[in-house]
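Shown next: upload-v3.csv, given as CSV, C-alpha atoms.
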chain,number,residue,atom,x,y,z
A,4,MET,CA,9.5,10.2,42.4
A,5,THR,CA,10.3,13.8,43.0
A,6,ARG,CA,8.8,16.5,40.9
A,7,ALA,CA,12.3,17.3,39.5
A,8,ARG,CA,12.9,13.7,38.5
A,9,ALA,CA,9.5,13.5,36.9
A,10,ILE,CA,10.3,16.7,34.9
A,11,VAL,CA,13.6,15.3,33.8
A,12,LEU,CA,12.0,12.0,32.7
A,13,TRP,CA,9.3,13.8,30.8
A,14,CYS,CA,12.0,15.9,29.0
A,15,ALA,CA,13.8,12.7,28.1
A,16,VAL,CA,10.7,11.2,26.6
A,17,CYS,CA,10.0,14.4,24.6
A,18,VAL,CA,13.6,14.4,23.3
A,19,LEU,CA,13.4,10.7,22.3
A,20,ALA,CA,10.1,11.4,20.5
A,21,ALA,CA,11.9,14.2,18.6
A,22,CYS,CA,14.3,11.6,17.3
A,23,ALA,CA,11.5,9.7,15.5
A,24,THR,CA,11.4,10.5,11.9
A,25,THR,CA,8.2,10.5,9.8
A,26,PRO,CA,8.5,7.3,7.9
A,27,VAL,CA,8.1,7.5,4.1
A,28,GLN,CA,4.7,6.3,3.4
A,29,PRO,CA,4.1,3.5,0.8
A,30,TRP,CA,2.4,5.9,-1.6
A,31,GLN,CA,5.4,8.4,-1.4
A,32,LYS,CA,8.0,6.0,-2.7
A,33,ARG,CA,8.0,7.2,-6.2
A,34,GLN,CA,11.6,8.2,-6.2
A,35,LEU,CA,12.7,5.3,-3.9
A,36,ALA,CA,11.2,2.8,-6.3
A,37,GLN,CA,13.4,3.8,-9.1
A,38,ARG,CA,16.0,1.4,-10.4
A,39,ALA,CA,18.8,3.8,-9.7
A,40,MET,CA,18.0,3.7,-6.0
A,41,ARG,CA,19.1,0.1,-5.7
A,42,PHE,CA,22.6,-0.6,-4.3
A,43,ASP,CA,23.5,-2.3,-7.6
A,44,GLY,CA,21.9,0.4,-9.6
A,45,GLY,CA,19.6,-2.1,-11.1
A,46,ASN,CA,22.3,-3.6,-13.3
A,47,ALA,CA,22.6,-7.3,-12.5
A,48,LEU,CA,25.6,-7.9,-14.7
A,49,GLU,CA,27.5,-5.1,-13.1
A,50,ALA,CA,26.5,-6.2,-9.7
A,51,ASP,CA,27.8,-9.8,-10.4
A,52,PHE,CA,31.0,-8.4,-11.7
A,53,ALA,CA,31.5,-6.2,-8.7
A,54,THR,CA,30.8,-9.1,-6.4
A,55,GLN,CA,33.3,-11.3,-8.2
A,56,VAL,CA,36.0,-8.6,-8.0
A,57,ALA,CA,35.2,-7.8,-4.3
A,58,THR,CA,35.2,-11.5,-3.2
A,59,SER,CA,38.4,-12.4,-5.0
A,60,ARG,CA,40.2,-9.3,-3.8
A,61,GLU,CA,39.1,-10.0,-0.3
A,62,ALA,CA,40.1,-13.7,-0.7
A,63,ALA,CA,36.6,-14.5,0.3
A,64,ARG,CA,35.2,-16.3,-2.7
A,65,GLY,CA,31.7,-17.4,-1.9
A,66,GLY,CA,31.8,-15.1,1.0
A,67,ASP,CA,29.0,-12.9,-0.4
A,68,GLY,CA,26.3,-15.4,0.5
A,69,VAL,CA,24.9,-16.9,3.7
A,70,GLY,CA,26.5,-19.9,5.2
A,71,GLY,CA,24.7,-23.0,6.3
A,72,GLY,CA,22.0,-25.1,4.8
A,73,GLY,CA,19.1,-22.7,5.0
A,74,CYS,CA,18.2,-23.7,8.5
A,75,GLY,CA,18.7,-20.2,9.7
A,76,CYS,CA,20.9,-21.3,12.5
A,77,ASN,CA,24.2,-20.2,11.2
B,2,MET,CA,1.9,10.9,41.6
B,3,ALA,CA,4.5,8.3,40.8
B,4,LYS,CA,2.0,5.8,39.5
B,5,ARG,CA,0.3,8.4,37.4
B,6,SER,CA,3.6,9.5,35.9
B,7,TRP,CA,4.4,5.9,34.8
B,8,ILE,CA,1.0,5.4,33.3
B,9,LEU,CA,1.4,8.6,31.3
B,10,LEU,CA,4.9,7.6,30.2
B,11,LEU,CA,3.6,4.2,29.1
B,12,ALA,CA,0.7,5.9,27.2
B,13,ALA,CA,3.2,8.2,25.5
B,14,ALA,CA,5.4,5.3,24.5
B,15,LEU,CA,2.6,3.2,23.2
B,16,ALA,CA,0.8,6.0,21.3
B,17,ALA,CA,0.3,4.3,18.0
B,18,PRO,CA,-0.3,5.9,14.6
B,19,ALA,CA,-3.8,6.0,13.3
B,20,LEU,CA,-5.3,2.6,12.8
B,21,ALA,CA,-5.4,1.3,9.3
B,22,LEU,CA,-8.7,0.7,7.6
B,23,ASP,CA,-9.4,-3.1,7.7
B,24,LYS,CA,-11.9,-5.8,7.5
B,25,GLY,CA,-15.2,-4.8,9.1
B,26,ASP,CA,-14.7,-1.0,8.7
B,27,ALA,CA,-17.0,1.1,6.6
B,28,LEU,CA,-15.5,2.5,3.4
B,29,PRO,CA,-14.5,6.1,4.2
B,30,PRO,CA,-16.1,8.9,2.1
B,31,LEU,CA,-13.9,9.7,-0.9
B,32,VAL,CA,-14.7,11.7,-4.1
B,33,LEU,CA,-12.1,11.6,-6.8
B,34,PRO,CA,-12.0,12.6,-10.5
B,35,THR,CA,-12.2,10.0,-13.3
B,36,ALA,CA,-10.1,10.3,-16.4
B,37,ASP,CA,-12.3,13.0,-17.9
B,38,GLY,CA,-12.4,15.0,-14.7
B,39,THR,CA,-15.9,13.9,-13.6
B,40,PRO,CA,-15.9,13.4,-9.9
B,41,LEU,CA,-17.0,9.9,-8.6
B,42,ASP,CA,-18.1,9.4,-5.0
B,43,LEU,CA,-17.3,6.0,-3.7
B,44,ALA,CA,-20.4,6.2,-1.5
B,45,SER,CA,-22.5,6.1,-4.7
B,46,LEU,CA,-21.3,2.6,-5.5
B,47,ARG,CA,-23.2,1.2,-2.5
B,48,GLY,CA,-25.1,-1.9,-3.6
B,49,GLN,CA,-22.2,-3.2,-5.8
B,50,VAL,CA,-19.3,-5.3,-4.7
B,51,VAL,CA,-16.4,-2.9,-5.0
B,52,LEU,CA,-12.8,-3.7,-5.3
B,53,VAL,CA,-10.8,-0.6,-4.5
B,54,ASP,CA,-7.2,-0.8,-5.6
B,55,PHE,CA,-4.5,1.8,-5.0
B,56,TRP,CA,-1.7,1.8,-7.5
B,57,ALA,CA,1.0,4.0,-9.0
B,58,SER,CA,2.9,3.8,-12.3
B,59,TRP,CA,6.2,3.2,-10.4
B,60,CYS,CA,4.9,0.2,-8.5
B,61,GLY,CA,6.1,-3.1,-9.9
B,62,PRO,CA,3.4,-5.4,-8.6
B,63,CYS,CA,0.7,-3.0,-9.9
B,64,ARG,CA,1.8,-3.9,-13.4
B,65,GLU,CA,1.0,-7.5,-12.7
B,66,SER,CA,-2.3,-6.7,-11.0
B,67,PHE,CA,-3.9,-4.8,-13.9
B,68,PRO,CA,-4.2,-7.7,-16.4
B,69,TRP,CA,-5.8,-9.8,-13.6
B,70,PHE,CA,-8.2,-7.0,-12.6
B,71,ALA,CA,-9.1,-6.6,-16.3
B,72,GLU,CA,-9.8,-10.3,-16.4
B,73,MET,CA,-12.0,-10.2,-13.3
B,74,HIS,CA,-13.8,-7.2,-14.6
B,75,ASP,CA,-14.6,-8.9,-17.9
B,76,LYS,CA,-15.8,-12.0,-16.0
B,77,LEU,CA,-17.7,-10.5,-13.1
B,78,ALA,CA,-18.8,-6.9,-13.9
B,79,ALA,CA,-22.2,-8.3,-15.1
B,80,ARG,CA,-22.7,-9.9,-11.7
B,81,GLY,CA,-22.1,-6.6,-9.8
B,82,LEU,CA,-18.4,-6.4,-9.4
B,83,ARG,CA,-17.1,-2.9,-9.7
B,84,ILE,CA,-13.3,-2.4,-9.8
B,85,VAL,CA,-12.1,1.0,-8.9
B,86,ALA,CA,-8.3,1.6,-9.4
B,87,ILE,CA,-7.1,4.7,-7.7
B,88,SER,CA,-3.9,6.2,-9.1
B,89,LEU,CA,-1.6,7.8,-6.5
B,90,ASP,CA,0.7,9.2,-9.2
B,91,GLU,CA,1.7,12.8,-8.6
B,92,GLU,CA,2.1,13.3,-12.3
B,93,ARG,CA,-0.9,12.5,-14.4
B,94,LYS,CA,1.2,11.8,-17.5
B,95,ASP,CA,3.0,9.0,-15.6
B,96,ALA,CA,-0.4,7.4,-14.8
B,97,ASP,CA,-1.5,7.9,-18.4
B,98,ARG,CA,1.6,6.2,-19.7
B,99,PHE,CA,1.0,3.2,-17.4
B,100,LEU,CA,-2.6,3.0,-18.5
B,101,ALA,CA,-1.5,3.0,-22.2
B,102,MET,CA,0.7,0.0,-21.5
B,103,HIS,CA,-1.7,-1.8,-19.1
B,104,PRO,CA,-5.3,-1.3,-20.4
B,105,ALA,CA,-7.9,-0.8,-17.7
B,106,PRO,CA,-11.5,-1.6,-18.8
B,107,PHE,CA,-12.6,-0.8,-15.2
B,108,THR,CA,-13.0,2.5,-13.4
B,109,VAL,CA,-9.8,4.5,-12.8
B,110,LEU,CA,-9.7,7.5,-10.5
B,111,PHE,CA,-6.9,10.0,-10.0
B,112,ASP,CA,-5.6,11.1,-6.6
B,113,ALA,CA,-2.6,13.2,-7.4
B,114,GLU,CA,-2.7,14.8,-3.9
B,115,ALA,CA,-2.7,11.3,-2.3
B,116,ILE,CA,-5.5,12.2,0.0
B,117,SER,CA,-6.6,8.6,0.1
B,118,GLY,CA,-3.2,7.5,1.4
B,119,PRO,CA,-3.6,8.7,5.0
B,120,LEU,CA,-7.4,8.2,4.7
B,121,PHE,CA,-7.0,4.5,4.2
B,122,ALA,CA,-3.6,4.3,6.0
B,123,LEU,CA,-2.4,2.3,3.1
B,124,PRO,CA,0.0,-0.5,4.3
B,125,ALA,CA,1.7,-1.0,0.9
B,126,MET,CA,1.6,-0.3,-2.8
B,127,PRO,CA,-0.5,-1.7,-4.2
B,128,SER,CA,-3.2,-2.1,-1.6
B,129,SER,CA,-6.7,-3.4,-2.3
B,130,TYR,CA,-9.9,-3.4,-0.4
B,131,LEU,CA,-12.9,-5.6,-1.2
B,132,VAL,CA,-16.0,-3.8,-0.2
B,133,GLY,CA,-19.4,-5.6,0.1
B,134,ARG,CA,-22.7,-4.3,-1.2
B,135,ASP,CA,-23.3,-2.8,2.3
B,136,GLY,CA,-20.2,-0.6,2.1
B,137,ILE,CA,-18.3,-2.6,4.6
B,138,VAL,CA,-14.7,-3.8,3.9
B,139,ARG,CA,-14.7,-7.6,3.5
B,140,ALA,CA,-10.9,-8.0,2.9
B,141,ARG,CA,-7.7,-6.1,2.6
B,142,HIS,CA,-4.7,-7.1,0.6
B,143,ALA,CA,-1.3,-5.4,0.9
B,144,GLY,CA,0.8,-5.9,-2.2
B,145,PHE,CA,-0.2,-8.1,-5.1
B,146,ARG,CA,1.3,-11.6,-5.4
B,147,ALA,CA,0.4,-14.3,-7.9
B,148,LYS,CA,-0.4,-16.7,-5.0
B,149,ASP,CA,-3.0,-14.2,-3.6
B,150,ARG,CA,-5.1,-14.3,-6.7
B,151,ASP,CA,-7.1,-17.4,-5.8
B,152,ALA,CA,-7.9,-16.1,-2.3
B,153,LEU,CA,-9.0,-12.7,-3.6
B,154,ALA,CA,-11.1,-14.4,-6.3
B,155,ALA,CA,-12.8,-16.5,-3.6
B,156,GLU,CA,-13.4,-13.4,-1.5
B,157,ILE,CA,-14.9,-11.6,-4.5
B,158,GLU,CA,-17.1,-14.6,-5.2
B,159,ALA,CA,-18.3,-14.8,-1.6
B,160,ALA,CA,-19.1,-11.1,-1.6
B,161,LEU,CA,-21.0,-11.4,-4.8
B,162,VAL,CA,-23.3,-14.2,-3.6
B,163,GLU,CA,-24.1,-12.4,-0.4
B,164,PRO,CA,-27.7,-11.2,-0.4
B,165,THR,CA,-28.3,-7.5,-1.2
B,166,PRO,CA,-28.9,-5.6,2.0
Have the structure of the file written as structure tokens, please.
Amino acid sequence: MTRARAIVLWCAVCVLAACATTPVQPWQKRQLAQRAMRFDGGNALEADFATQVATSREAARGGDGVGGGGCGCN
Amino acid sequence: MAKRSWILLLAAALAAPALALDKGDALPPLVLPTADGTPLDLASLRGQVVLVDFWASWCGPCRESFPWFAEMHDKLAARGLRIVAISLDEERKDADRFLAMHPAPFTVLFDAEAISGPLFALPAMPSSYLVGRDGIVRARHAGFRAKDRDALAAEIEAALVEPTP
């Protein structure tokens, strides 16, 4: 490996490291744990209704679940 | 040169975050205020079996854990079990509201600055650490699930019957 290539590689590693975000720590999830932060806003009725509308509009009734018999192979 | 470069690269790639406190480690030094502001040093609890629990008012499973901790406290405090629940709430009033709803007959400490978070490298909320009379962590539990209760109770019992060092 030439010196130039080694430098390029090192730069690449440093740039990749810069991509890493600092993960939110478990004790910092006060805001994330709120009901409003869920996709369905924490309202089960509304979520069911939205699913019903979406699947019928998409002609995909039952298409919101996972196919197969729970073997994890589908 | 080439070989050394690769080793360095590998080391950079594998650089892991600080290792979490686990079974067999000594309880780190930690001094936190109780409800009335009196500081409590965890090191001063040496000689008792200590269950250190980290919780927050916004944490769902914490709500389920408190009644069980209260029950364990009532049952085993006399035999040397000391439950220390450390609140990681930023706002004291949130913690107080939680405590009003979920009474805690055991020790509660307040860590608004979350200094214990990185110190223990908490894997989840809640996290609990069972510490033996010698100050060494006997078990660590991430989260609180109903099915874990029996295992935790057994670990507490095992720590209680250990001879005092």
Closest atom pairs, residues of stretch 82-147 of chain B within 9 Å of stretch 24-36 of chain A, all atoms listed in the file, as CSV:
residue,atom,partner,partner_atom,distance
B:Leu89,CA,A:Trp30,CA,6.6
B:Asp90,CA,A:Arg33,CA,8.1
B:Glu91,CA,A:Arg33,CA,8.8
B:Ala115,CA,A:Trp30,CA,7.5
B:Gly118,CA,A:Trp30,CA,6.6
B:Pro119,CA,A:Gln28,CA,8.8
B:Ala122,CA,A:Gln28,CA,8.9
B:Leu123,CA,A:Pro29,CA,7.0
B:Pro124,CA,A:Pro29,CA,6.7
B:Ala125,CA,A:Pro29,CA,5.1
B:Met126,CA,A:Pro29,CA,5.8
B:Pro127,CA,A:Trp30,CA,8.5
Determine, counting all atoms listed in the file, every residue of protein, DNA or RNA that lies within 12 Å of (4.2, -5.7, -12.6) in the file coordinates, then give the result as a PyMOL selection string.
chain B and resi 56-69+99+102-103+126-127+144-147
May I ask for the distance between atom CA of B:Gln49 and atom CA of B:Val85, given in Å to one decimal place?
11.4 Å
Residues within 7 Å of stretch 20-35 of chain B, please, as a list in words. Count only C-alpha atoms; anything in the same chain fewer than 5 positions from it doesn't count.
Pro40, Leu41, Asp42, Leu43, Ala44, Val109, Leu110, Phe111, Asp112, Phe121, Ala122, Leu123, Gly136, Ile137, Val138, Arg139, Ala140 and Arg141 of chain B
Using all atoms listed in the file, which residue out of A:Ala57, A:Ala20, A:Ala39, A:Ala7 lies closest to chain B?
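Using all atoms listed in the file, chain B sits closest to A:Ala20.
Taking atom CA of B:Leu46 and atom CA of B:Arg83 as endpoints, the distance between them is 8.1 Å.
The spacing separating atom CA of B:Arg98 from atom CA of B:Val53 amounts to 20.8 Å.
Comparing the minimum interatomic distances between chain A and each of B:Glu158, B:Ala143, B:Phe70, B:Thr108, counting all atoms listed in the file, we find that B:Ala143 sits nearest.
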When distances are computed from all atoms listed in the file, which of B:Glu163, B:Asp151, B:Asp135, B:Glu114 shows the smallest separation from chain A?
B:Glu114
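Compared by their closest atoms to chain A, and using all atoms listed in the file, the residues B:Val132, B:Ala159, B:Glu72, B:Phe55 rank with B:Phe55 nearest.
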